[in-house]
>>> print(open('protein12.txt').read())   # compact mmCIF, C-alpha atoms
# COMPACT_ATOMS: atom_id res chain seq x y z
CA MET A 1 -167.10 -50.57 232.63
CA ALA A 2 -168.01 -47.91 230.04
CA ALA A 3 -166.03 -47.61 226.80
CA PRO A 4 -163.23 -45.06 227.12
CA ALA A 5 -164.43 -41.57 226.18
CA PRO A 6 -162.38 -39.50 223.72
CA ILE A 7 -159.68 -37.54 225.51
CA ASP A 8 -160.81 -34.04 226.43
CA ARG A 9 -157.81 -32.11 227.73
CA SER A 10 -159.81 -29.36 229.42
CA SER A 11 -161.97 -31.89 231.20
CA GLU A 12 -158.84 -33.91 232.10
CA ALA A 13 -157.28 -30.85 233.70
CA ASP A 14 -160.54 -30.17 235.48
CA THR A 15 -160.72 -33.71 236.91
CA ARG A 16 -157.08 -33.56 238.01
CA ARG A 17 -157.76 -30.24 239.73
CA ARG A 18 -160.88 -31.60 241.47
CA ILE A 19 -158.84 -34.54 242.78
CA ILE A 20 -156.12 -32.25 244.15
CA LEU A 21 -158.65 -29.92 245.79
CA ALA A 22 -160.50 -32.87 247.34
CA MET A 23 -157.19 -34.14 248.74
CA VAL A 24 -156.27 -30.68 250.10
CA ALA A 25 -159.60 -30.59 251.97
CA LEU A 26 -159.14 -34.12 253.35
CA LEU A 27 -155.59 -33.32 254.50
CA GLN A 28 -156.82 -30.14 256.18
CA GLN A 29 -159.78 -31.78 257.85
CA GLN A 30 -158.59 -35.26 258.78
CA GLY A 31 -155.02 -35.79 257.61
CA TYR A 32 -153.33 -38.39 255.44
CA GLU A 33 -153.99 -41.68 257.18
CA SER A 34 -157.77 -41.68 256.85
CA ALA A 35 -157.75 -40.49 253.24
CA SER A 36 -158.29 -43.66 251.18
CA ILE A 37 -158.23 -43.56 247.37
CA LYS A 38 -161.92 -44.50 247.43
CA ARG A 39 -162.72 -41.59 249.73
CA ILE A 40 -160.60 -39.15 247.72
CA ALA A 41 -162.29 -40.24 244.48
CA ALA A 42 -165.75 -39.88 246.00
CA ALA A 43 -164.95 -36.40 247.33
CA ALA A 44 -163.62 -35.39 243.89
CA GLN A 45 -166.59 -36.94 242.06
CA ALA A 46 -164.09 -39.01 240.11
CA SER A 47 -163.33 -42.72 239.80
CA PRO A 48 -160.56 -44.40 241.79
CA SER A 49 -158.93 -45.32 238.48
CA SER A 50 -158.78 -41.68 237.44
CA VAL A 51 -156.95 -40.89 240.69
CA TYR A 52 -154.31 -43.46 239.68
CA HIS A 53 -154.36 -42.15 236.09
CA PHE A 54 -153.26 -38.68 237.25
CA PHE A 55 -151.19 -39.89 240.19
CA PRO A 56 -149.58 -43.23 239.34
CA GLY A 57 -147.74 -43.08 242.66
CA GLY A 58 -151.13 -43.22 244.39
CA LYS A 59 -152.00 -41.55 247.65
CA GLN A 60 -148.47 -40.44 248.51
CA GLU A 61 -147.84 -38.73 245.18
CA LEU A 62 -151.24 -37.03 245.35
CA ALA A 63 -150.63 -35.94 248.95
CA ILE A 64 -147.34 -34.27 248.01
CA GLU A 65 -149.08 -32.39 245.20
CA ALA A 66 -151.95 -31.46 247.53
CA MET A 67 -149.54 -30.23 250.21
CA HIS A 68 -147.83 -27.99 247.65
CA HIS A 69 -151.18 -26.68 246.50
CA GLY A 70 -152.41 -26.12 250.06
CA ALA A 71 -149.11 -24.51 251.02
CA ARG A 72 -149.52 -21.98 248.19
CA GLY A 73 -152.97 -21.18 249.56
CA PHE A 74 -151.53 -20.39 252.98
CA SER A 75 -148.70 -18.40 251.35
CA GLU A 76 -151.38 -16.26 249.69
CA LEU A 77 -153.05 -15.63 253.04
CA LEU A 78 -149.70 -14.65 254.55
CA THR A 79 -148.89 -12.39 251.61
CA LYS A 80 -152.27 -10.69 252.00
CA GLY A 81 -151.70 -10.17 255.73
CA LEU A 82 -148.10 -9.05 255.37
CA SER A 83 -148.90 -6.52 252.65
CA SER A 84 -151.83 -5.06 254.59
CA SER A 85 -149.61 -2.64 256.53
CA ALA A 86 -146.16 -1.08 256.21
CA ASP A 87 -145.73 -1.68 259.95
CA PRO A 88 -144.39 -5.25 260.33
CA ALA A 89 -146.04 -5.66 263.75
CA GLU A 90 -149.48 -4.77 262.39
CA ALA A 91 -148.85 -6.88 259.31
CA THR A 92 -147.94 -9.94 261.38
CA ALA A 93 -151.03 -9.52 263.54
CA ALA A 94 -153.11 -9.28 260.36
CA CYS A 95 -151.94 -12.77 259.34
CA ALA A 96 -153.25 -14.26 262.59
CA LEU A 97 -156.55 -12.39 262.24
CA LEU A 98 -157.03 -13.48 258.61
CA LEU A 99 -156.40 -17.06 259.69
CA ALA A 100 -158.93 -16.69 262.52
CA ASP A 101 -161.54 -15.38 260.07
CA ASP A 102 -160.89 -18.17 257.54
CA LEU A 103 -161.08 -20.89 260.17
CA LYS A 104 -164.24 -19.54 261.73
CA GLN A 105 -165.85 -19.30 258.30
CA SER A 106 -165.05 -22.96 257.61
CA HIS A 107 -166.54 -23.88 261.03
CA TRP A 108 -163.05 -24.86 262.24
CA SER A 109 -162.69 -27.56 259.61
CA ASP A 110 -160.17 -26.19 257.07
CA GLY A 111 -156.96 -26.20 259.06
CA CYS A 112 -153.35 -26.26 257.97
CA PRO A 113 -152.91 -28.45 254.86
CA VAL A 114 -149.52 -29.62 256.09
CA ALA A 115 -149.59 -30.03 259.89
CA VAL A 116 -151.67 -33.19 260.38
CA THR A 117 -150.03 -35.10 257.55
CA ALA A 118 -146.56 -34.10 258.72
CA LEU A 119 -147.29 -35.17 262.30
CA GLU A 120 -148.80 -38.47 261.16
CA THR A 121 -145.83 -39.47 259.03
CA ILE A 122 -142.68 -37.97 260.60
CA GLY A 123 -139.74 -40.31 260.12
CA ARG A 124 -141.87 -42.72 258.06
CA VAL A 125 -142.65 -41.07 254.72
CA PRO A 126 -139.70 -38.91 253.64
CA GLY A 127 -141.52 -37.42 250.60
CA LEU A 128 -144.27 -35.99 252.79
CA GLN A 129 -141.82 -34.73 255.40
CA GLU A 130 -139.87 -32.94 252.63
CA ALA A 131 -143.08 -31.36 251.30
CA ALA A 132 -143.96 -30.20 254.81
CA THR A 133 -140.48 -28.79 255.40
CA ARG A 134 -140.64 -26.89 252.12
CA ALA A 135 -144.03 -25.44 253.06
CA LEU A 136 -142.99 -24.36 256.56
CA THR A 137 -139.71 -22.91 255.29
CA GLY A 138 -141.50 -21.04 252.51
CA TRP A 139 -143.92 -19.47 255.00
CA ARG A 140 -141.08 -18.51 257.33
CA ASP A 141 -139.21 -16.92 254.41
CA LEU A 142 -142.23 -14.77 253.51
CA VAL A 143 -142.37 -13.41 257.06
CA THR A 144 -138.58 -13.00 257.19
CA ALA A 145 -138.68 -10.86 254.03
CA LYS A 146 -141.30 -8.54 255.55
CA LEU A 147 -139.25 -8.16 258.75
CA THR A 148 -135.94 -7.45 256.99
CA GLU A 149 -137.66 -4.93 254.70
CA SER A 150 -138.60 -2.98 257.80
CA GLY A 151 -134.99 -2.88 258.99
CA ILE A 152 -134.79 -5.90 261.27
CA ALA A 153 -131.45 -7.72 260.90
CA LEU A 154 -131.61 -11.00 258.94
CA ASP A 155 -130.72 -13.35 261.83
CA THR A 156 -133.22 -11.71 264.18
CA ALA A 157 -135.84 -11.65 261.43
CA ARG A 158 -135.41 -15.32 260.57
CA SER A 159 -135.66 -16.41 264.18
CA LEU A 160 -138.70 -14.20 264.81
CA ALA A 161 -140.34 -15.41 261.61
CA GLY A 162 -139.87 -18.99 262.78
CA THR A 163 -141.73 -18.16 265.98
CA VAL A 164 -144.45 -16.39 263.98
CA VAL A 165 -145.05 -19.58 261.97
CA SER A 166 -144.84 -21.76 265.11
CA THR A 167 -147.33 -19.57 266.95
CA LEU A 168 -149.75 -19.42 264.02
CA GLU A 169 -149.63 -23.23 263.70
CA GLY A 170 -150.14 -23.79 267.42
CA ALA A 171 -152.82 -21.14 267.83
CA GLU A 172 -154.65 -22.64 264.87
CA LEU A 173 -154.56 -26.02 266.61
CA LEU A 174 -155.91 -24.54 269.86
CA SER A 175 -158.59 -22.54 268.05
CA ARG A 176 -159.78 -25.53 266.06
CA VAL A 177 -159.84 -27.94 269.01
CA THR A 178 -161.73 -25.49 271.23
CA ALA A 179 -163.87 -24.09 268.36
CA ASP A 180 -162.96 -20.60 269.58
CA ASP A 181 -160.76 -18.05 267.82
CA THR A 182 -159.38 -16.56 271.06
CA PRO A 183 -155.99 -18.34 270.73
CA LEU A 184 -155.45 -16.82 267.27
CA ARG A 185 -156.64 -13.37 268.39
CA ASP A 186 -154.32 -13.54 271.40
CA ALA A 187 -151.51 -14.68 269.09
CA ALA A 188 -152.13 -11.60 266.92
CA VAL A 189 -151.59 -9.31 269.92
CA HIS A 190 -148.50 -11.15 271.18
CA LEU A 191 -146.82 -11.54 267.80
CA ALA A 192 -147.33 -7.81 267.17
CA GLN A 193 -145.67 -7.10 270.54
CA LEU A 194 -142.70 -9.32 269.71
CA VAL A 195 -142.20 -7.90 266.22
CA GLY A 196 -142.74 -4.36 267.48
CA ALA A 197 -140.02 -4.82 270.09
CA ALA A 198 -137.42 -6.21 267.66
CA PRO A 199 -134.42 -3.91 267.20
CA ARG A 200 -134.16 -2.16 263.79
CA ASN A 201 -131.12 -0.99 261.90
CA MET B 1 -156.50 -71.20 272.31
CA ALA B 2 -154.88 -71.76 275.70
CA ALA B 3 -157.04 -72.42 278.77
CA PRO B 4 -157.78 -69.21 280.67
CA ALA B 5 -155.08 -68.52 283.25
CA PRO B 6 -156.11 -67.76 286.84
CA ILE B 7 -156.72 -64.05 287.30
CA ASP B 8 -153.62 -62.27 288.52
CA ARG B 9 -154.55 -58.69 289.48
CA SER B 10 -150.99 -57.33 289.45
CA SER B 11 -150.37 -58.78 286.04
CA GLU B 12 -153.77 -57.46 284.86
CA ALA B 13 -152.83 -53.95 285.96
CA ASP B 14 -149.48 -54.37 284.25
CA THR B 15 -151.06 -55.43 280.95
CA ARG B 16 -153.55 -52.54 281.09
CA ARG B 17 -150.69 -50.14 281.70
CA ARG B 18 -148.65 -51.57 278.82
CA ILE B 19 -151.63 -51.11 276.50
CA ILE B 20 -152.08 -47.49 277.56
CA LEU B 21 -148.38 -46.70 277.18
CA ALA B 22 -148.29 -48.34 273.75
CA MET B 23 -151.28 -46.21 272.70
CA VAL B 24 -149.67 -43.03 274.07
CA ALA B 25 -146.57 -43.74 271.95
CA LEU B 26 -148.66 -44.46 268.82
CA LEU B 27 -150.69 -41.26 269.32
CA GLN B 28 -147.47 -39.26 269.75
CA GLN B 29 -145.73 -40.79 266.77
CA GLN B 30 -148.46 -41.34 264.20
CA GLY B 31 -151.82 -40.30 265.58
CA TYR B 32 -155.16 -42.01 265.99
CA GLU B 33 -156.15 -43.03 262.49
CA SER B 34 -153.28 -45.42 261.83
CA ALA B 35 -153.48 -47.07 265.27
CA SER B 36 -155.39 -50.32 264.69
CA ILE B 37 -156.26 -52.60 267.60
CA LYS B 38 -153.92 -55.20 266.08
CA ARG B 39 -151.06 -52.71 265.99
CA ILE B 40 -151.77 -51.45 269.52
CA ALA B 41 -151.86 -55.02 270.85
CA ALA B 42 -148.58 -55.90 269.12
CA ALA B 43 -146.88 -52.78 270.48
CA ALA B 44 -148.13 -53.62 273.99
CA GLN B 45 -147.16 -57.31 273.71
CA ALA B 46 -150.77 -58.14 274.46
CA SER B 47 -153.58 -59.84 272.55
CA PRO B 48 -156.26 -57.87 270.69
CA SER B 49 -158.84 -59.50 272.97
CA SER B 50 -157.08 -58.15 276.05
CA VAL B 51 -157.30 -54.64 274.56
CA TYR B 52 -161.08 -55.09 274.33
CA HIS B 53 -161.12 -56.67 277.81
CA PHE B 54 -159.68 -53.50 279.37
CA PHE B 55 -161.31 -51.08 276.92
CA PRO B 56 -164.70 -52.45 275.86
CA GLY B 57 -165.28 -49.23 273.92
CA GLY B 58 -162.31 -50.18 271.74
CA LYS B 59 -159.88 -47.77 270.14
CA GLN B 60 -161.78 -44.61 271.02
CA GLU B 61 -162.07 -45.41 274.74
CA LEU B 62 -158.39 -46.39 274.85
CA ALA B 63 -157.38 -43.22 272.98
CA ILE B 64 -159.19 -41.03 275.51
CA GLU B 65 -157.41 -42.81 278.37
CA ALA B 66 -154.08 -42.52 276.52
CA MET B 67 -154.63 -38.81 275.87
CA HIS B 68 -155.25 -38.24 279.59
CA HIS B 69 -152.16 -40.23 280.48
CA GLY B 70 -150.03 -38.43 277.88
CA ALA B 71 -151.44 -35.06 278.95
CA ARG B 72 -150.33 -35.73 282.52
CA GLY B 73 -146.85 -36.46 281.19
CA PHE B 74 -146.71 -33.08 279.47
CA SER B 75 -148.14 -31.41 282.61
CA GLU B 76 -145.20 -32.88 284.54
CA LEU B 77 -142.73 -31.42 282.04
CA LEU B 78 -144.42 -28.01 282.32
CA THR B 79 -144.43 -28.20 286.12
CA LYS B 80 -140.72 -29.03 286.10
CA GLY B 81 -139.96 -26.11 283.77
CA LEU B 82 -142.23 -23.65 285.57
CA SER B 83 -140.78 -24.48 289.00
CA SER B 84 -137.17 -24.22 287.76
CA SER B 85 -137.04 -20.45 288.35
CA ALA B 86 -138.88 -17.82 290.37
CA ASP B 87 -138.69 -15.56 287.32
CA PRO B 88 -141.71 -16.41 285.13
CA ALA B 89 -139.85 -15.45 281.94
CA GLU B 90 -136.98 -17.83 282.68
CA ALA B 91 -139.42 -20.50 283.83
CA THR B 92 -141.42 -20.27 280.59
CA ALA B 93 -138.26 -20.50 278.51
CA ALA B 94 -137.26 -23.58 280.52
CA CYS B 95 -140.45 -25.36 279.38
CA ALA B 96 -139.52 -24.87 275.73
CA LEU B 97 -135.96 -26.03 276.36
CA LEU B 98 -137.06 -29.14 278.28
CA LEU B 99 -139.38 -29.97 275.40
CA ALA B 100 -136.52 -29.49 272.92
CA ASP B 101 -134.31 -31.85 274.94
CA ASP B 102 -137.03 -34.50 275.25
CA LEU B 103 -137.84 -34.40 271.55
CA LYS B 104 -134.23 -34.56 270.47
CA GLN B 105 -133.66 -37.50 272.79
CA SER B 106 -136.58 -39.37 271.21
CA HIS B 107 -135.16 -38.60 267.75
CA TRP B 108 -138.14 -36.33 267.06
CA SER B 109 -140.61 -39.17 267.43
CA ASP B 110 -142.35 -38.57 270.76
CA GLY B 111 -144.41 -35.49 270.03
CA CYS B 112 -147.52 -34.09 271.66
CA PRO B 113 -149.86 -36.93 272.71
CA VAL B 114 -152.88 -34.80 271.88
CA ALA B 115 -152.17 -32.69 268.79
CA VAL B 116 -152.27 -35.24 265.96
CA THR B 117 -155.33 -37.06 267.27
CA ALA B 118 -157.16 -33.81 267.84
CA LEU B 119 -156.37 -32.54 264.33
CA GLU B 120 -157.39 -35.85 262.76
CA THR B 121 -160.77 -35.98 264.44
CA ILE B 122 -161.99 -32.39 264.95
CA GLY B 123 -165.76 -32.23 264.57
CA ARG B 124 -165.99 -36.00 264.07
CA VAL B 125 -165.21 -37.67 267.42
CA PRO B 126 -166.52 -35.50 270.28
CA GLY B 127 -164.94 -37.67 273.02
CA LEU B 128 -161.46 -37.15 271.62
CA GLN B 129 -162.02 -33.45 271.05
CA GLU B 130 -163.13 -33.11 274.69
CA ALA B 131 -160.04 -34.97 275.91
CA ALA B 132 -157.85 -32.68 273.79
CA THR B 133 -159.61 -29.56 275.07
CA ARG B 134 -159.16 -30.71 278.65
CA ALA B 135 -155.44 -31.33 278.05
CA LEU B 136 -154.81 -27.97 276.37
CA THR B 137 -156.82 -26.10 279.00
CA GLY B 138 -155.00 -27.89 281.81
CA TRP B 139 -151.61 -26.92 280.37
CA ARG B 140 -152.70 -23.31 279.90
CA ASP B 141 -153.93 -23.21 283.51
CA LEU B 142 -150.54 -24.40 284.81
CA VAL B 143 -148.80 -21.56 282.96
CA THR B 144 -151.49 -19.06 284.03
CA ALA B 145 -150.92 -19.96 287.69
CA LYS B 146 -147.18 -19.33 287.38
CA LEU B 147 -147.78 -15.95 285.72
CA THR B 148 -150.36 -14.76 288.25
CA GLU B 149 -148.11 -15.85 291.13
CA SER B 150 -145.51 -13.45 289.82
CA GLY B 151 -147.97 -10.56 289.85
CA ILE B 152 -149.35 -10.59 286.30
CA ALA B 153 -153.10 -9.84 286.27
CA LEU B 154 -155.32 -12.86 285.63
CA ASP B 155 -156.71 -11.78 282.23
CA THR B 156 -153.27 -10.92 280.90
CA ALA B 157 -151.82 -14.12 282.36
CA ARG B 158 -154.50 -16.33 280.82
CA SER B 159 -154.09 -14.79 277.39
CA LEU B 160 -150.28 -15.00 277.56
CA ALA B 161 -150.47 -18.58 278.82
CA GLY B 162 -152.64 -19.47 275.82
CA THR B 163 -149.95 -18.11 273.51
CA VAL B 164 -147.28 -20.01 275.46
CA VAL B 165 -149.13 -23.29 274.83
CA SER B 166 -149.82 -22.34 271.18
CA THR B 167 -146.18 -21.50 270.58
CA LEU B 168 -144.90 -24.65 272.29
CA GLU B 169 -147.28 -26.77 270.18
CA GLY B 170 -146.32 -25.05 266.94
CA ALA B 171 -142.60 -24.97 267.64
CA GLU B 172 -142.75 -28.65 268.48
CA LEU B 173 -144.37 -29.28 265.09
CA LEU B 174 -141.68 -27.27 263.28
CA SER B 175 -138.86 -28.90 265.24
CA ARG B 176 -140.15 -32.41 264.58
CA VAL B 177 -140.79 -31.86 260.86
CA THR B 178 -137.38 -30.29 260.28
CA ALA B 179 -135.58 -32.58 262.79
CA ASP B 180 -133.98 -29.48 264.28
CA ASP B 181 -134.62 -27.95 267.69
CA THR B 182 -134.07 -24.35 266.53
CA PRO B 183 -137.81 -23.52 266.48
CA LEU B 184 -138.17 -24.58 270.13
CA ARG B 185 -134.98 -22.76 271.17
CA ASP B 186 -136.18 -19.62 269.36
CA ALA B 187 -139.57 -20.03 271.04
CA ALA B 188 -137.81 -20.13 274.44
CA VAL B 189 -136.20 -16.74 273.74
CA HIS B 190 -139.36 -15.12 272.40
CA LEU B 191 -141.69 -16.47 275.09
CA ALA B 192 -139.30 -15.20 277.75
CA GLN B 193 -139.38 -11.76 276.07
CA LEU B 194 -143.18 -11.71 276.02
CA VAL B 195 -143.57 -12.86 279.61
CA GLY B 196 -140.78 -10.54 280.76
CA ALA B 197 -142.55 -7.57 279.18
CA ALA B 198 -145.96 -8.29 280.73
CA PRO B 199 -147.08 -5.63 283.23
CA ARG B 200 -147.08 -6.69 286.92
CA ASN B 201 -149.20 -5.50 289.79
>>> encode(input="protein12.txt", output="structure tokens")
Amino acid sequence: MAAPAPIDRSSEADTRRRIILAMVALLQQQGYESASIKRIAAAAQASPSSVYHFFPGGKQELAIEAMHHGARGFSELLTKGLSSSADPAEATAACALLLADDLKQSHWSDGCPVAVTALETIGRVPGLQEAATRALTGWRDLVTAKLTESGIALDTARSLAGTVVSTLEGAELLSRVTADDTPLRDAAVHLAQLVGAAPRN
Amino acid sequence: MAAPAPIDRSSEADTRRRIILAMVALLQQQGYESASIKRIAAAAQASPSSVYHFFPGGKQELAIEAMHHGARGFSELLTKGLSSSADPAEATAACALLLADDLKQSHWSDGCPVAVTALETIGRVPGLQEAATRALTGWRDLVTAKLTESGIALDTARSLAGTVVSTLEGAELLSRVTADDTPLRDAAVHLAQLVGAAPRN
């Protein structure tokens, strides 16, 4: 083992960031179960001991941090879509289309940073389930805000926004499995219809 | 090791069935990656060697068989929902509500037998991706048939049916993660609206 190098804070932050980004990609592409510390370290070009240095709680602590990071990434995509039009129906459709473009560009590999891990660990790893719940609720709240802004009543908006997130998640699954963005493009059309038909104040 | 018992075909079929059902449950609850042969055998009250006896291709061969078996189970739920009403909007809503009831009854553990495995292995295990594609396409075709029967044009029906499957998958994810069937109950309402608004011949 090499002698410890002098502490370089900028390089420390950089290594920590690389580890989180590597974990986000693994969670998106294959989920939590197959992501070993060795694999994470290799993907981050870091040593396994540096993974434990930054995340003493190991894989679970890192996964929670990676889910938060990944969730913010998807929030940014939603914000971009939702702000692309004053019309909430068009704006909702834009979210599905942005997601279709992103997925296609990653050759169907970079999926939801939360879905696989949540499904793998439901009822078994409360910390991960909490992180997933926070992510899904945060995304729903972003859509709810757009819908209420356009005059849709809060209860209707919240319920519709839940279905928007459900449909985006499911259409992403179908698009990735079939390597075809038709499910997300169809979802764009149907979500726009639903939002367009919602009663306004 | 005990001396080999005389071959008993009925008991052989029973053991094979127990192994498949145990794998279906593992795929629904935790996915493919965490399902080791040892764990599968224990859950099936069988020996690891009997898993290899029935599935010489090991975990992957068994997973494909389990995905087909689980997919048939979900096809039965869809068929029950779709045949519960002549009105395609009500029938589609019934599918979401049946799924909500089933999930709640299993304490949110028995999810989609295809989704987790597909997401864990996209682009890496073609056999599993094919099995998942076949399952998702089969479910979409069941919904498409109901919609065309009620006079919706084939192209519209197929696209709507894709969104029905997407939304059911996503709402199931949200319901399981949050241990709350609201996403599926909301999906029932919204899918009925979409199907009800589709133009008929």
>>> atom_distance(input="protein12.txt", atom1="CA of Gln193 in chain B", atom2="CA of Leu98 in chain B")
17.7 Å
>>> atom_distance(input="protein12.txt", atom1="CA of Ser109 in chain B", atom2="CA of Ala131 in chain B")
21.6 Å
>>> residues_around(input="protein12.txt", residues="range 54-66 of chain B", least_positions_apart="5", cutoff="7 Å", atoms="all atoms listed in the file", output="ChimeraX atom specification")
/B:16,20,23-24,37,128,131
>>> residues_around(input="protein12.txt", residues="Ser75 in chain A", least_positions_apart="3", cutoff="8 Å", atoms="all atoms listed in the file", output="PyMOL selection string")
chain A and resi 71-72+78-79+138-139+142
>>> write_last_selection(input="protein12.txt", atoms="C-alpha atoms", output="compact mmCIF listing (two decimals), in the frame of the given file")
# COMPACT_ATOMS: atom_id res chain seq x y z
CA ALA A 71 -149.11 -24.51 251.02
CA ARG A 72 -149.52 -21.98 248.19
CA LEU A 78 -149.70 -14.65 254.55
CA THR A 79 -148.89 -12.39 251.61
CA GLY A 138 -141.50 -21.04 252.51
CA TRP A 139 -143.92 -19.47 255.00
CA LEU A 142 -142.23 -14.77 253.51
>>> atom_distance(input="protein12.txt", atom1="CA of Ala187 in chain B", atom2="CA of Val143 in chain B")
15.2 Å
>>> closest_atom_pairs(input="protein12.txt", of="range 64-108 of chain A", to="range 146-161 of chain A", cutoff="9 Å", atoms="all atoms listed in the file", output="tab-separated table")
residue	atom	partner	partner_atom	distance
A:Leu82	CA	A:Lys146	CA	6.8
A:Ser83	CA	A:Lys146	CA	8.4
A:Ala86	CA	A:Ser150	CA	8.0
A:Asp87	CA	A:Ser150	CA	7.6
A:Pro88	CA	A:Leu147	CA	6.1
A:Ala89	CA	A:Leu147	CA	8.8
A:Ala91	CA	A:Lys146	CA	8.6
A:Thr92	CA	A:Lys146	CA	8.9
>>> closest_residue(input="protein12.txt", among="A:Asp102, A:Glu12, A:Glu169, A:Asp180", to="chain B", atoms="all atoms listed in the file")
A:Glu169
>>> closest_residue(input="protein12.txt", among="A:Ala179, A:Ala43, A:Ala13, A:Met67", to="Glu130 in chain A", atoms="only C-alpha atoms")
A:Met67
>>> closest_residue(input="protein12.txt", among="A:Ser50, A:Arg176, A:His190, A:Arg185", to="Thr163 in chain A", atoms="only C-alpha atoms")
A:His190
>>> residues_around(input="protein12.txt", residues="Ile40 in chain A", least_positions_apart="5", cutoff="8 Å", atoms="only C-alpha atoms", output="ChimeraX atom specification")
/A:19,22-23,26,35,48
>>> write_last_selection(input="protein12.txt", atoms="C-alpha atoms", output="PDB file, in the coordinates of the input")
ATOM      1  CA  ILE A  19    -158.840 -34.540 242.780  1.00  0.00           C
ATOM      2  CA  ALA A  22    -160.500 -32.870 247.340  1.00  0.00           C
ATOM      3  CA  MET A  23    -157.190 -34.140 248.740  1.00  0.00           C
ATOM      4  CA  LEU A  26    -159.140 -34.120 253.350  1.00  0.00           C
ATOM      5  CA  ALA A  35    -157.750 -40.490 253.240  1.00  0.00           C
ATOM      6  CA  PRO A  48    -160.560 -44.400 241.790  1.00  0.00           C
TER       7      PRO A  48
END
>>> closest_residue(input="protein12.txt", among="B:Ser47, B:Ser166, B:Gln28, B:Thr137", to="chain A", atoms="all atoms listed in the file")
B:Ser166
>>> residues_around(input="protein12.txt", residues="Gln29 in chain A", least_positions_apart="3", cutoff="8 Å", atoms="all atoms listed in the file", output="JSON, numbers by chain")
{"A": [25, 26, 109, 110, 111], "B": [119, 120, 121, 122]}
>>> closest_residue(input="protein12.txt", among="B:Leu99, B:Leu21, B:Ala132, B:Ala94", to="Val114 in chain B", atoms="all atoms listed in the file")
B:Ala132
>>> closest_residue(input="protein12.txt", among="A:Gln45, A:Val195, A:Ala188, A:Ala171", to="chain B", atoms="all atoms listed in the file")
A:Ala171
>>> residues_around(input="protein12.txt", residues="Thr117 in chain A", least_positions_apart="6", cutoff="7 Å", atoms="all atoms listed in the file", output="list in words")
Leu27, Gly31 and Tyr32 of chain A
>>> write_last_selection(input="protein12.txt", atoms="C-alpha atoms", output="tab-separated table (two decimals), in the coordinates of the input")
chain	number	residue	atom	x	y	z
A	27	LEU	CA	-155.59	-33.32	254.50
A	31	GLY	CA	-155.02	-35.79	257.61
A	32	TYR	CA	-153.33	-38.39	255.44
>>> axis_aligned_box(input="protein12.txt", around="range 61-64 of chain B", padding_each_side="5 Å", output="AutoDock Vina command-line options")
--center_x -159.7 --center_y -43.7 --center_z 274.2 --size_x 14.7 --size_y 15.4 --size_z 12.5
